[in-house]
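Working notes, structure below.
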Amino acid sequence: MSRQEYLKLLEKELQRVNKIIDYKILHGLEYRSEARDHKLLLRKVRQNNHRSFLNKMFPTLSFF
């Protein structure tokens, strides 16, 4: 799976979790577990975008 496909998959999952959170907020339900999932997904997205940015800035360095 390419990085682009992985990021698209993460974005879809993030949107799904956001919809669930929105629903639960509107209905006064607890959404603690979904908030944890959301935080984890955001971390994964940011981590992959950060690496991509560093690879563009320093293409000759192999440890990124």
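So you can find residues: chains in the structure tokens are A, B, ... in the order shown, residues in each start at 1, and ligands are numbered from 1 in order.
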Original post:
range 33-41 of chain A: which residues within 12 Å, counting only C-alpha atoms, same-chain residues fewer than 3 positions away excluded, as a PyMOL selection string?
Top reply: chain A and resi 6-25+29-30+44-48
**OP:** Please return as a VMD selection string: the residues of range 6-61 of chain A that backbone DSSP assigns to alpha helix (DSSP H).
**Re:** chain A and resid 6 to 26 32 to 57
Prev. selection, N, CA and C atoms, output as a tab-separated table (two decimals), in the first residue's frame:
```
chain	number	residue	atom	x	y	z
A	6	TYR	N	-2.56	4.97	1.96
A	6	TYR	CA	-2.65	4.88	3.42
A	6	TYR	C	-3.25	6.16	4.00
A	7	LEU	N	-2.81	7.30	3.51
A	7	LEU	CA	-3.33	8.58	4.00
A	7	LEU	C	-4.81	8.73	3.66
A	8	LYS	N	-5.22	8.29	2.47
A	8	LYS	CA	-6.64	8.35	2.11
A	8	LYS	C	-7.47	7.46	3.03
A	9	LEU	N	-6.93	6.29	3.35
A	9	LEU	CA	-7.62	5.38	4.26
A	9	LEU	C	-7.75	6.00	5.65
A	10	LEU	N	-6.68	6.63	6.12
A	10	LEU	CA	-6.73	7.31	7.41
A	10	LEU	C	-7.75	8.45	7.41
A	11	GLU	N	-7.78	9.21	6.32
A	11	GLU	CA	-8.73	10.33	6.22
A	11	GLU	C	-10.17	9.84	6.24
A	12	LYS	N	-10.45	8.74	5.54
A	12	LYS	CA	-11.80	8.18	5.55
A	12	LYS	C	-12.20	7.73	6.95
A	13	GLU	N	-11.28	7.06	7.62
A	13	GLU	CA	-11.56	6.59	8.97
A	13	GLU	C	-11.75	7.77	9.92
A	14	LEU	N	-10.96	8.80	9.73
A	14	LEU	CA	-11.09	10.00	10.56
A	14	LEU	C	-12.46	10.66	10.36
A	15	GLN	N	-12.93	10.72	9.12
A	15	GLN	CA	-14.25	11.28	8.85
A	15	GLN	C	-15.35	10.43	9.47
A	16	ARG	N	-15.19	9.11	9.43
A	16	ARG	CA	-16.18	8.22	10.02
A	16	ARG	C	-16.26	8.44	11.53
A	17	VAL	N	-15.10	8.52	12.18
A	17	VAL	CA	-15.07	8.73	13.62
A	17	VAL	C	-15.65	10.10	13.97
A	18	ASN	N	-15.36	11.11	13.15
A	18	ASN	CA	-15.92	12.44	13.38
A	18	ASN	C	-17.44	12.43	13.34
A	19	LYS	N	-18.01	11.70	12.39
A	19	LYS	CA	-19.46	11.61	12.30
A	19	LYS	C	-20.06	10.97	13.54
A	20	ILE	N	-19.41	9.93	14.03
A	20	ILE	CA	-19.88	9.25	15.24
A	20	ILE	C	-19.81	10.19	16.43
A	21	ILE	N	-18.70	10.92	16.55
A	21	ILE	CA	-18.53	11.86	17.66
A	21	ILE	C	-19.61	12.95	17.59
A	22	ASP	N	-19.83	13.49	16.40
A	22	ASP	CA	-20.85	14.52	16.24
A	22	ASP	C	-22.23	14.00	16.66
A	23	TYR	N	-22.56	12.81	16.24
A	23	TYR	CA	-23.84	12.21	16.60
A	23	TYR	C	-23.97	12.09	18.12
A	24	LYS	N	-22.91	11.58	18.74
A	24	LYS	CA	-22.96	11.37	20.19
A	24	LYS	C	-23.03	12.69	20.95
A	25	ILE	N	-22.36	13.71	20.46
A	25	ILE	CA	-22.43	15.02	21.11
A	25	ILE	C	-23.86	15.56	21.03
A	26	LEU	N	-24.45	15.47	19.84
A	26	LEU	CA	-25.82	15.98	19.66
A	26	LEU	C	-26.84	15.25	20.53
A	32	ARG	N	-15.91	9.09	24.73
A	32	ARG	CA	-14.51	9.01	25.15
A	32	ARG	C	-13.68	8.08	24.26
A	33	SER	N	-14.19	6.90	23.95
A	33	SER	CA	-13.41	5.95	23.15
A	33	SER	C	-13.22	6.47	21.71
A	34	GLU	N	-14.23	7.12	21.17
A	34	GLU	CA	-14.10	7.68	19.83
A	34	GLU	C	-13.10	8.83	19.81
A	35	ALA	N	-13.06	9.62	20.89
A	35	ALA	CA	-12.11	10.71	20.98
A	35	ALA	C	-10.68	10.17	21.00
A	36	ARG	N	-10.48	9.06	21.69
A	36	ARG	CA	-9.17	8.42	21.73
A	36	ARG	C	-8.77	7.92	20.33
A	37	ASP	N	-9.72	7.31	19.62
A	37	ASP	CA	-9.46	6.85	18.25
A	37	ASP	C	-9.12	8.03	17.35
A	38	HIS	N	-9.86	9.11	17.51
A	38	HIS	CA	-9.65	10.31	16.71
A	38	HIS	C	-8.24	10.86	16.93
A	39	LYS	N	-7.82	10.91	18.16
A	39	LYS	CA	-6.50	11.41	18.51
A	39	LYS	C	-5.41	10.54	17.89
A	40	LEU	N	-5.58	9.24	17.93
A	40	LEU	CA	-4.62	8.31	17.36
A	40	LEU	C	-4.53	8.47	15.84
A	41	LEU	N	-5.69	8.59	15.20
A	41	LEU	CA	-5.71	8.76	13.74
A	41	LEU	C	-5.04	10.07	13.33
A	42	LEU	N	-5.32	11.14	14.06
A	42	LEU	CA	-4.67	12.42	13.75
A	42	LEU	C	-3.17	12.32	13.89
A	43	ARG	N	-2.72	11.63	14.92
A	43	ARG	CA	-1.28	11.46	15.12
A	43	ARG	C	-0.65	10.72	13.93
A	44	LYS	N	-1.33	9.69	13.44
A	44	LYS	CA	-0.82	8.93	12.30
A	44	LYS	C	-0.77	9.79	11.05
A	45	VAL	N	-1.81	10.58	10.81
A	45	VAL	CA	-1.84	11.46	9.64
A	45	VAL	C	-0.72	12.48	9.71
A	46	ARG	N	-0.58	13.13	10.85
A	46	ARG	CA	0.46	14.15	11.01
A	46	ARG	C	1.85	13.56	10.90
A	47	GLN	N	2.04	12.37	11.43
A	47	GLN	CA	3.34	11.72	11.38
A	47	GLN	C	3.73	11.42	9.93
A	48	ASN	N	2.79	10.93	9.14
A	48	ASN	CA	3.10	10.62	7.75
A	48	ASN	C	3.29	11.88	6.93
A	49	ASN	N	2.51	12.92	7.18
A	49	ASN	CA	2.70	14.18	6.47
A	49	ASN	C	4.03	14.82	6.84
A	50	HIS	N	4.42	14.71	8.08
A	50	HIS	CA	5.69	15.27	8.54
A	50	HIS	C	6.86	14.59	7.84
A	51	ARG	N	6.84	13.28	7.76
A	51	ARG	CA	7.90	12.54	7.08
A	51	ARG	C	7.97	12.92	5.61
A	52	SER	N	6.82	13.05	4.99
A	52	SER	CA	6.77	13.42	3.59
A	52	SER	C	7.40	14.80	3.39
A	53	PHE	N	7.09	15.73	4.28
A	53	PHE	CA	7.65	17.07	4.20
A	53	PHE	C	9.17	17.03	4.36
A	54	LEU	N	9.65	16.26	5.33
A	54	LEU	CA	11.08	16.17	5.55
A	54	LEU	C	11.79	15.50	4.38
A	55	ASN	N	11.15	14.51	3.78
A	55	ASN	CA	11.74	13.86	2.61
A	55	ASN	C	11.87	14.84	1.44
A	56	LYS	N	10.93	15.75	1.30
A	56	LYS	CA	11.00	16.74	0.24
A	56	LYS	C	12.09	17.77	0.53
A	57	MET	N	12.25	18.13	1.80
A	57	MET	CA	13.23	19.12	2.17
A	57	MET	C	14.65	18.57	2.09
```
